[in-house]
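Raw data-v4.cif, mmCIF, C-alpha atoms and all ligand atoms:
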```cif
data_upload
loop_
_atom_site.group_PDB
_atom_site.id
_atom_site.type_symbol
_atom_site.label_atom_id
_atom_site.label_comp_id
_atom_site.auth_asym_id
_atom_site.auth_seq_id
_atom_site.Cartn_x
_atom_site.Cartn_y
_atom_site.Cartn_z
ATOM 1 C CA MET A 1 -17.586 -3.928 -3.469
ATOM 2 C CA LYS A 2 -15.848 -5.387 -6.475
ATOM 3 C CA PRO A 3 -14.887 -2.531 -8.800
ATOM 4 C CA ASP A 4 -16.005 -2.775 -12.390
ATOM 5 C CA MET A 5 -12.560 -2.286 -13.861
ATOM 6 C CA ASP A 6 -13.937 -1.724 -17.362
ATOM 7 C CA VAL A 7 -15.566 1.598 -16.549
ATOM 8 C CA LEU A 8 -12.489 3.059 -14.870
ATOM 9 C CA ASN A 9 -10.402 5.510 -16.861
ATOM 10 C CA GLN A 10 -7.952 8.375 -16.498
ATOM 11 C CA ASP A 11 -10.783 10.811 -15.772
ATOM 12 C CA ASN A 12 -12.629 8.851 -13.084
ATOM 13 C CA ILE A 13 -10.001 6.686 -11.355
ATOM 14 C CA VAL A 14 -9.122 9.332 -8.748
ATOM 15 C CA GLU A 15 -12.794 9.944 -7.972
ATOM 16 C CA PHE A 16 -13.308 6.183 -7.693
ATOM 17 C CA ILE A 17 -10.383 5.744 -5.273
ATOM 18 C CA GLY A 18 -11.610 8.739 -3.277
ATOM 19 C CA SER A 19 -15.063 7.203 -3.050
ATOM 20 C CA ILE A 20 -13.489 4.043 -1.617
ATOM 21 C CA PHE A 21 -11.813 6.152 1.086
ATOM 22 C CA ASP A 22 -15.106 7.965 1.770
ATOM 23 C CA ARG A 23 -17.324 4.880 1.795
ATOM 24 C CA ARG A 24 -15.039 2.259 3.282
ATOM 25 C CA GLY A 25 -12.145 4.079 4.926
ATOM 26 C CA SER A 26 -13.644 3.556 8.356
ATOM 27 C CA GLU A 27 -13.311 -0.225 8.140
ATOM 28 C CA GLU A 28 -11.138 -1.951 10.685
ATOM 29 C CA TYR A 29 -7.497 -2.558 9.820
ATOM 30 C CA LEU A 30 -5.844 -5.798 10.884
ATOM 31 C CA GLY A 31 -6.527 -5.396 14.582
ATOM 32 C CA GLU A 32 -4.579 -2.079 14.546
ATOM 33 C CA PRO A 33 -5.707 1.027 16.518
ATOM 34 C CA VAL A 34 -6.495 2.840 13.243
ATOM 35 C CA THR A 35 -9.019 2.339 10.449
ATOM 36 C CA MET A 36 -7.906 1.349 6.949
ATOM 37 C CA GLY A 37 -8.405 4.915 5.722
ATOM 38 C CA GLU A 38 -6.518 6.448 8.648
ATOM 39 C CA HIS A 39 -3.657 4.009 8.108
ATOM 40 C CA MET A 40 -3.074 4.959 4.481
ATOM 41 C CA LEU A 41 -3.674 8.686 5.095
ATOM 42 C CA GLN A 42 -1.174 8.656 7.972
ATOM 43 C CA GLY A 43 1.540 7.123 5.776
ATOM 44 C CA ALA A 44 0.931 9.703 3.053
ATOM 45 C CA THR A 45 0.790 12.577 5.548
ATOM 46 C CA ILE A 46 4.072 11.548 7.177
ATOM 47 C CA ALA A 47 5.715 11.217 3.753
ATOM 48 C CA GLU A 48 4.448 14.662 2.757
ATOM 49 C CA SER A 49 5.639 16.268 5.998
ATOM 50 C CA GLU A 50 9.082 14.719 5.497
ATOM 51 C CA GLY A 51 9.251 16.147 1.960
ATOM 52 C CA GLN A 52 9.448 12.707 0.389
ATOM 53 C CA PRO A 53 9.076 12.344 -3.409
ATOM 54 C CA GLU A 54 5.546 12.425 -4.856
ATOM 55 C CA GLU A 55 5.692 8.757 -5.863
ATOM 56 C CA ILE A 56 6.373 7.757 -2.265
ATOM 57 C CA ILE A 57 3.529 9.919 -0.914
ATOM 58 C CA VAL A 58 1.088 8.356 -3.366
ATOM 59 C CA GLY A 59 2.622 4.896 -2.922
ATOM 60 C CA ALA A 60 1.962 5.119 0.819
ATOM 61 C CA LEU A 61 -1.534 6.494 0.201
ATOM 62 C CA LEU A 62 -2.519 3.592 -2.055
ATOM 63 C CA HIS A 63 -0.422 0.648 -0.856
ATOM 64 C CA ASP A 64 -3.323 -1.107 0.904
ATOM 65 C CA ILE A 65 -6.044 -0.258 -1.628
ATOM 66 C CA GLY A 66 -6.265 -3.997 -2.346
ATOM 67 C CA HIS A 67 -8.018 -4.470 0.966
ATOM 68 C CA PHE A 68 -11.046 -2.810 -0.642
ATOM 69 C CA THR A 69 -11.351 -4.608 -3.947
ATOM 70 C CA GLY A 70 -13.536 -7.318 -2.523
ATOM 71 C CA GLU A 71 -11.505 -9.934 -4.339
ATOM 72 C CA PHE A 72 -10.094 -11.516 -1.229
ATOM 73 C CA GLY A 73 -12.180 -10.123 1.600
ATOM 74 C CA THR A 74 -10.527 -8.509 4.592
ATOM 75 C CA PHE A 75 -7.817 -9.816 6.839
ATOM 76 C CA MET A 76 -8.809 -11.432 10.124
ATOM 77 C CA MET A 77 -6.512 -12.250 13.018
ATOM 78 C CA ASN A 78 -7.596 -15.894 12.782
ATOM 79 C CA ASP A 79 -6.778 -16.230 9.082
ATOM 80 C CA THR A 80 -4.820 -19.339 8.358
ATOM 81 C CA GLU A 81 -3.690 -18.360 4.886
ATOM 82 C CA ASP A 82 -2.501 -15.154 3.267
ATOM 83 C CA ARG A 83 -5.100 -13.314 1.178
ATOM 84 C CA HIS A 84 -2.713 -11.460 -1.153
ATOM 85 C CA HIS A 85 -4.244 -7.989 -0.936
ATOM 86 C CA GLU A 86 -1.006 -6.593 -2.375
ATOM 87 C CA ASP A 87 -1.618 -8.302 -5.718
ATOM 88 C CA ALA A 88 -5.253 -7.214 -5.818
ATOM 89 C CA GLY A 89 -4.180 -3.603 -5.270
ATOM 90 C CA ALA A 90 -1.441 -3.760 -7.887
ATOM 91 C CA VAL A 91 -3.879 -5.099 -10.493
ATOM 92 C CA LEU A 92 -6.070 -2.029 -9.957
ATOM 93 C CA LEU A 93 -3.165 0.439 -9.890
ATOM 94 C CA GLU A 94 -1.065 -0.812 -12.791
ATOM 95 C CA LYS A 95 -3.510 0.486 -15.394
ATOM 96 C CA PHE A 96 -3.180 4.072 -14.182
ATOM 97 C CA PHE A 97 0.018 4.617 -12.233
ATOM 98 C CA PRO A 98 3.758 4.472 -12.923
ATOM 99 C CA LYS A 99 5.440 1.178 -12.142
ATOM 100 C CA VAL A 100 7.174 2.608 -9.104
ATOM 101 C CA ILE A 101 3.800 3.158 -7.405
ATOM 102 C CA THR A 102 2.424 -0.209 -8.488
ATOM 103 C CA ASP A 103 5.612 -1.824 -7.179
ATOM 104 C CA CYS A 104 5.252 -0.077 -3.805
ATOM 105 C CA CYS A 105 1.858 -1.767 -3.524
ATOM 106 C CA ARG A 106 2.742 -5.134 -5.060
ATOM 107 C CA TYR A 107 5.863 -5.580 -2.945
ATOM 108 C CA HIS A 108 4.945 -3.991 0.381
ATOM 109 C CA VAL A 109 4.456 -7.408 1.949
ATOM 110 C CA ALA A 110 7.633 -8.768 0.357
ATOM 111 C CA ALA A 111 9.435 -5.681 1.692
ATOM 112 C CA LYS A 112 8.483 -6.667 5.217
ATOM 113 C CA ARG A 113 9.921 -10.147 4.646
ATOM 114 C CA TYR A 114 13.029 -8.517 3.084
ATOM 115 C CA LEU A 115 13.597 -6.115 5.967
ATOM 116 C CA CYS A 116 13.110 -8.859 8.547
ATOM 117 C CA ALA A 117 15.880 -10.814 6.791
ATOM 118 C CA THR A 118 18.293 -7.910 6.316
ATOM 119 C CA GLN A 119 17.679 -5.405 9.159
ATOM 120 C CA PRO A 120 17.657 -7.131 12.551
ATOM 121 C CA GLU A 121 16.204 -4.071 14.335
ATOM 122 C CA TYR A 122 13.305 -3.805 11.874
ATOM 123 C CA PHE A 123 11.376 -6.634 13.504
ATOM 124 C CA GLY A 124 10.968 -4.418 16.575
ATOM 125 C CA HIS A 125 8.933 -1.946 14.464
ATOM 126 C CA LEU A 126 6.266 -4.512 13.675
ATOM 127 C CA SER A 127 2.880 -4.531 15.366
ATOM 128 C CA GLU A 128 1.423 -7.748 16.733
ATOM 129 C CA ALA A 129 -0.930 -8.048 13.751
ATOM 130 C CA SER A 130 1.943 -7.486 11.345
ATOM 131 C CA ILE A 131 3.982 -10.242 12.990
ATOM 132 C CA HIS A 132 0.966 -12.535 12.723
ATOM 133 C CA SER A 133 0.611 -11.843 9.008
ATOM 134 C CA LEU A 134 4.391 -12.144 8.490
ATOM 135 C CA ASN A 135 4.155 -15.768 9.482
ATOM 136 C CA LEU A 136 1.295 -16.342 7.014
ATOM 137 C CA GLN A 137 3.299 -14.517 4.340
ATOM 138 C CA GLY A 138 6.261 -16.889 4.582
ATOM 139 C CA GLY A 139 8.386 -15.330 7.342
ATOM 140 C CA PRO A 140 11.700 -13.543 6.655
ATOM 141 C CA MET A 141 13.144 -13.966 3.119
ATOM 142 C CA THR A 142 15.793 -16.557 2.400
ATOM 143 C CA GLN A 143 19.168 -15.344 1.125
ATOM 144 C CA ASP A 144 18.192 -16.266 -2.443
ATOM 145 C CA GLU A 145 14.953 -14.298 -2.131
ATOM 146 C CA VAL A 146 16.885 -11.295 -0.773
ATOM 147 C CA THR A 147 19.285 -11.416 -3.734
ATOM 148 C CA GLU A 148 16.374 -11.527 -6.168
ATOM 149 C CA PHE A 149 14.402 -8.777 -4.411
ATOM 150 C CA LYS A 150 17.373 -6.400 -4.463
ATOM 151 C CA LYS A 151 17.292 -6.421 -8.263
ATOM 152 C CA ASN A 152 14.073 -4.371 -8.335
ATOM 153 C CA PRO A 153 14.976 -0.883 -9.652
ATOM 154 C CA ASN A 154 12.316 0.592 -7.352
ATOM 155 C CA LEU A 155 13.747 -1.006 -4.196
ATOM 156 C CA ARG A 156 14.392 2.330 -2.483
ATOM 157 C CA GLU A 157 10.799 3.521 -2.916
ATOM 158 C CA ILE A 158 9.370 0.121 -1.949
ATOM 159 C CA ILE A 159 11.353 0.167 1.308
ATOM 160 C CA ALA A 160 10.385 3.786 2.023
ATOM 161 C CA VAL A 161 6.687 2.925 1.675
ATOM 162 C CA ARG A 162 7.172 -0.107 3.903
ATOM 163 C CA TYR A 163 8.537 2.098 6.690
ATOM 164 C CA LEU A 164 5.558 4.435 6.201
ATOM 165 C CA ASP A 165 3.292 1.390 6.458
ATOM 166 C CA GLU A 166 4.722 0.714 9.918
ATOM 167 C CA ALA A 167 4.578 4.409 10.878
ATOM 168 C CA GLY A 168 0.922 4.846 9.905
ATOM 169 C CA LYS A 169 -0.626 2.987 12.804
ATOM 170 C CA GLN A 170 -0.952 5.792 15.358
ATOM 171 C CA ALA A 171 -4.196 6.112 17.284
ATOM 172 C CA GLY A 172 -5.555 9.657 17.135
ATOM 173 C CA MET A 173 -3.124 11.137 14.588
ATOM 174 C CA LYS A 174 -4.725 13.999 12.641
ATOM 175 C CA THR A 175 -4.476 13.881 8.867
ATOM 176 C CA PRO A 176 -6.156 15.579 5.932
ATOM 177 C CA ASP A 177 -8.694 13.436 4.069
ATOM 178 C CA PHE A 178 -8.110 11.765 0.692
ATOM 179 C CA TRP A 179 -9.182 14.844 -1.270
ATOM 180 C CA HIS A 180 -6.160 16.761 -0.018
ATOM 181 C CA PHE A 181 -4.016 14.311 -1.965
ATOM 182 C CA ALA A 182 -6.364 13.931 -4.953
ATOM 183 C CA PRO A 183 -4.671 16.601 -7.156
ATOM 184 C CA LEU A 184 -1.302 14.899 -6.646
ATOM 185 C CA VAL A 185 -2.797 11.483 -7.428
ATOM 186 C CA GLN A 186 -4.362 12.920 -10.604
ATOM 187 C CA LYS A 187 -1.072 14.531 -11.584
ATOM 188 C CA LEU A 188 0.728 11.193 -11.422
ATOM 189 C CA VAL A 189 -2.058 9.453 -13.379
ATOM 190 C CA ASP A 190 -1.896 12.140 -16.056
ATOM 191 C CA LYS A 191 1.903 11.969 -16.168
ATOM 192 C CA HIS A 192 1.723 8.216 -16.636
ATOM 193 C CA ILE A 193 -1.103 8.010 -19.157
ATOM 194 C CA GLY A 194 -0.469 11.353 -20.862
ATOM 195 C CA THR A 195 -2.640 14.442 -20.828
ATOM 196 C CA ASN A 196 -5.009 15.145 -23.699
HETATM 197 FE FE FE B 1 -0.407 -1.139 5.238
#
```
Re-express the file's structure as structure tokens.
Ligand code: FE
Amino acid sequence: MKPDMDVLNQDNIVEFIGSIFDRRGSEEYLGEPVTMGEHMLQGATIAESEGQPEEIIVGALLHDIGHFTGEFGTFMMNDTEDRHHEDAGAVLLEKFFPKVITDCCRYHVAAKRYLCATQPEYFGHLSEASIHSLNLQGGPMTQDEVTEFKKNPNLREIIAVRYLDEAGKQAGMKTPDFWHFAPLVQKLVDKHIGTN
């Protein structure tokens, strides 16, 4: 479903995102042993259990929301070009969330390319599907790209969400559903937009 962005506002965005989790969370994720909904809920649940900052919990929860916008369809293992779900997600999020959360979404693919270039052991964390998409996404960053990427003031949060992205691919892990996190998501929307 392509969201009608015009009808979304501070008071219905959380309900809208929750409805995406409810209606479409069970869709397959990139050939991983988890659904799309499980993947994002696992990242958020791990972040919460580790006592990570609220922005990182919500960043992990929403980082792949672009898979659901319908703008670019869903990833397939036989894709021959990258579909840029990270940009689709960021376009939805940037109207409602602080830049740190939008950046965690917009740059979660770039963060994989960054970590592959700068942390030799990181590659070993990647699933087969994630290695496949890495190649479509341009492979590890060049030194110039690394230098540029490091300038992002939200680098720490972006990297934290990237590690949660890798961690949230566990078959059978129990998590709460989206609505457990909804009050926190609303709190960050209200903090960003301002309460009435
Ligand atoms: Fe992900």
So what does the PyMOL selection byres (((chain A and resi 29-42) around 6) and not hetatm) actually pick up in this one, as an NGL selection string? :A and (21 or 25-28 or 43-45 or 61 or 168-169 or 171)
Saved selection, atoms kept: C-alpha atoms, as a PDB file, in the coordinates of the input:
```
ATOM      1  CA  PHE A  21     -11.813   6.152   1.086  1.00  0.00           C
ATOM      2  CA  GLY A  25     -12.145   4.079   4.926  1.00  0.00           C
ATOM      3  CA  SER A  26     -13.644   3.556   8.356  1.00  0.00           C
ATOM      4  CA  GLU A  27     -13.311  -0.225   8.140  1.00  0.00           C
ATOM      5  CA  GLU A  28     -11.138  -1.951  10.685  1.00  0.00           C
ATOM      6  CA  GLY A  43       1.540   7.123   5.776  1.00  0.00           C
ATOM      7  CA  ALA A  44       0.931   9.703   3.053  1.00  0.00           C
ATOM      8  CA  THR A  45       0.790  12.577   5.548  1.00  0.00           C
ATOM      9  CA  LEU A  61      -1.534   6.494   0.201  1.00  0.00           C
ATOM     10  CA  GLY A 168       0.922   4.846   9.905  1.00  0.00           C
ATOM     11  CA  LYS A 169      -0.626   2.987  12.804  1.00  0.00           C
ATOM     12  CA  ALA A 171      -4.196   6.112  17.284  1.00  0.00           C
TER      13      ALA A 171
END
```
From the list A:Val100, A:Ala60, A:Leu188, A:Leu136, which residue is nearest ligand FE 1 (chain B) when using all atoms listed in the file?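 The shortest atom-to-atom distance to ligand FE 1 (chain B) comes from A:Ala60.
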Counting only C-alpha atoms, the residue of A:Lys112, A:Arg106, A:Arg156, A:Lys151 that sits nearest A:Leu134: A:Lys112
Given the file above and the PyMOL selection byres (((chain A and resi 181-184) around 8) and not hetatm), which residues are selected, and can you give them as a ChimeraX atom specification? /A:14,18,54,58,177-180,185-188
Find the residues near A:Val161: any atom within 7 Å, counting only C-alpha atoms, skip ones fewer than 2 places away on the same chain, and give them as a ChimeraX atom specification. /A:56,59-60,104,157-159,163-165
Please, what distance in Å, to one decimal, runs between atom CA of A:Glu55 and atom CA of A:Lys95?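 These atoms are spaced 15.6 Å apart.
Checking A:Glu166, A:Glu148, A:Glu86, A:Asp190 one by one against A:Thr102, counting only C-alpha atoms, you find the shortest gap at A:Glu86.
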Taking (14.4, -3.5, 4.4) in the file's own coordinates, collect the residues within 10 Å, counting only C-alpha atoms, and hand them back as a PyMOL selection string. chain A and resi 110-120+122+146+150+155-156+158-160+162-163
A:His85, A:Lys174, A:His192, A:Lys99 ranked by distance to ligand FE 1 (chain B), top pick (using all atoms listed in the file):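 So, comparing all the options, the nearest one is A:His85.
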Distance atom CA of A:Met173-atom CA of A:Gly89, one decimal place?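 Those two atoms sit 24.8 Å apart.
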Test item: axis-aligned box, all listed atoms of stretch 124-137 of chain A, 6 Å on each side, centre and edges in Å rounded to one decimal, as lines of an AutoDock Vina configuration file:
```
center_x = 5.0
center_y = -9.1
center_z = 10.5
size_x = 23.9
size_y = 26.4
size_z = 24.4
```
For each of A:Glu121, A:Asp64, A:Glu15, A:Glu50, take the minimum atom-to-atom distance to ligand FE 1 (chain B), counting all atoms listed in the file, then give the residue where this is smallest.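 So, comparing all the options, the nearest one is A:Asp64.
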Closest to ligand FE 1 (chain B) among A:Leu93, A:Ile131, A:Val109, A:Ile101, using all atoms listed in the file?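 Of the candidates, the smallest distance to ligand FE 1 (chain B) is held by A:Val109.
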Atomic distance atom CA of A:Tyr107 - atom CA of A:Asn152, expressed in Å with one decimal: 9.9 Å
Would you fill out stretch 171-183 of chain A with N, CA and C atoms and return it as an mmCIF file, in the frame of the given file?
```
data_model
loop_
_atom_site.group_PDB
_atom_site.id
_atom_site.type_symbol
_atom_site.label_atom_id
_atom_site.label_comp_id
_atom_site.auth_asym_id
_atom_site.auth_seq_id
_atom_site.Cartn_x
_atom_site.Cartn_y
_atom_site.Cartn_z
ATOM 1 N N ALA A 171 -2.858 5.729 16.847
ATOM 2 C CA ALA A 171 -4.196 6.112 17.284
ATOM 3 C C ALA A 171 -4.272 7.623 17.476
ATOM 4 N N GLY A 172 -5.285 8.242 16.880
ATOM 5 C CA GLY A 172 -5.555 9.657 17.135
ATOM 6 C C GLY A 172 -4.756 10.645 16.310
ATOM 7 N N MET A 173 -3.894 10.192 15.410
ATOM 8 C CA MET A 173 -3.124 11.137 14.588
ATOM 9 C C MET A 173 -4.063 11.874 13.619
ATOM 10 N N LYS A 174 -3.894 13.194 13.545
ATOM 11 C CA LYS A 174 -4.725 13.999 12.641
ATOM 12 C C LYS A 174 -4.103 14.006 11.244
ATOM 13 N N THR A 175 -4.936 13.787 10.251
ATOM 14 C CA THR A 175 -4.476 13.881 8.867
ATOM 15 C C THR A 175 -5.538 14.598 8.039
ATOM 16 N N PRO A 176 -5.134 15.131 6.876
ATOM 17 C CA PRO A 176 -6.156 15.579 5.932
ATOM 18 C C PRO A 176 -6.887 14.354 5.370
ATOM 19 N N ASP A 177 -8.016 14.575 4.689
ATOM 20 C CA ASP A 177 -8.694 13.436 4.069
ATOM 21 C C ASP A 177 -8.105 13.166 2.677
ATOM 22 N N PHE A 178 -8.654 12.169 1.997
ATOM 23 C CA PHE A 178 -8.110 11.765 0.692
ATOM 24 C C PHE A 178 -8.050 12.930 -0.282
ATOM 25 N N TRP A 179 -9.053 13.811 -0.231
ATOM 26 C CA TRP A 179 -9.182 14.844 -1.270
ATOM 27 C C TRP A 179 -8.052 15.858 -1.234
ATOM 28 N N HIS A 180 -7.372 15.936 -0.087
ATOM 29 C CA HIS A 180 -6.160 16.761 -0.018
ATOM 30 C C HIS A 180 -5.108 16.238 -0.992
ATOM 31 N N PHE A 181 -5.039 14.929 -1.122
ATOM 32 C CA PHE A 181 -4.016 14.311 -1.965
ATOM 33 C C PHE A 181 -4.485 14.095 -3.405
ATOM 34 N N ALA A 182 -5.800 14.265 -3.644
ATOM 35 C CA ALA A 182 -6.364 13.931 -4.953
ATOM 36 C C ALA A 182 -5.665 14.638 -6.125
ATOM 37 N N PRO A 183 -5.348 15.955 -6.014
ATOM 38 C CA PRO A 183 -4.671 16.601 -7.156
ATOM 39 C C PRO A 183 -3.305 15.966 -7.475
#
```
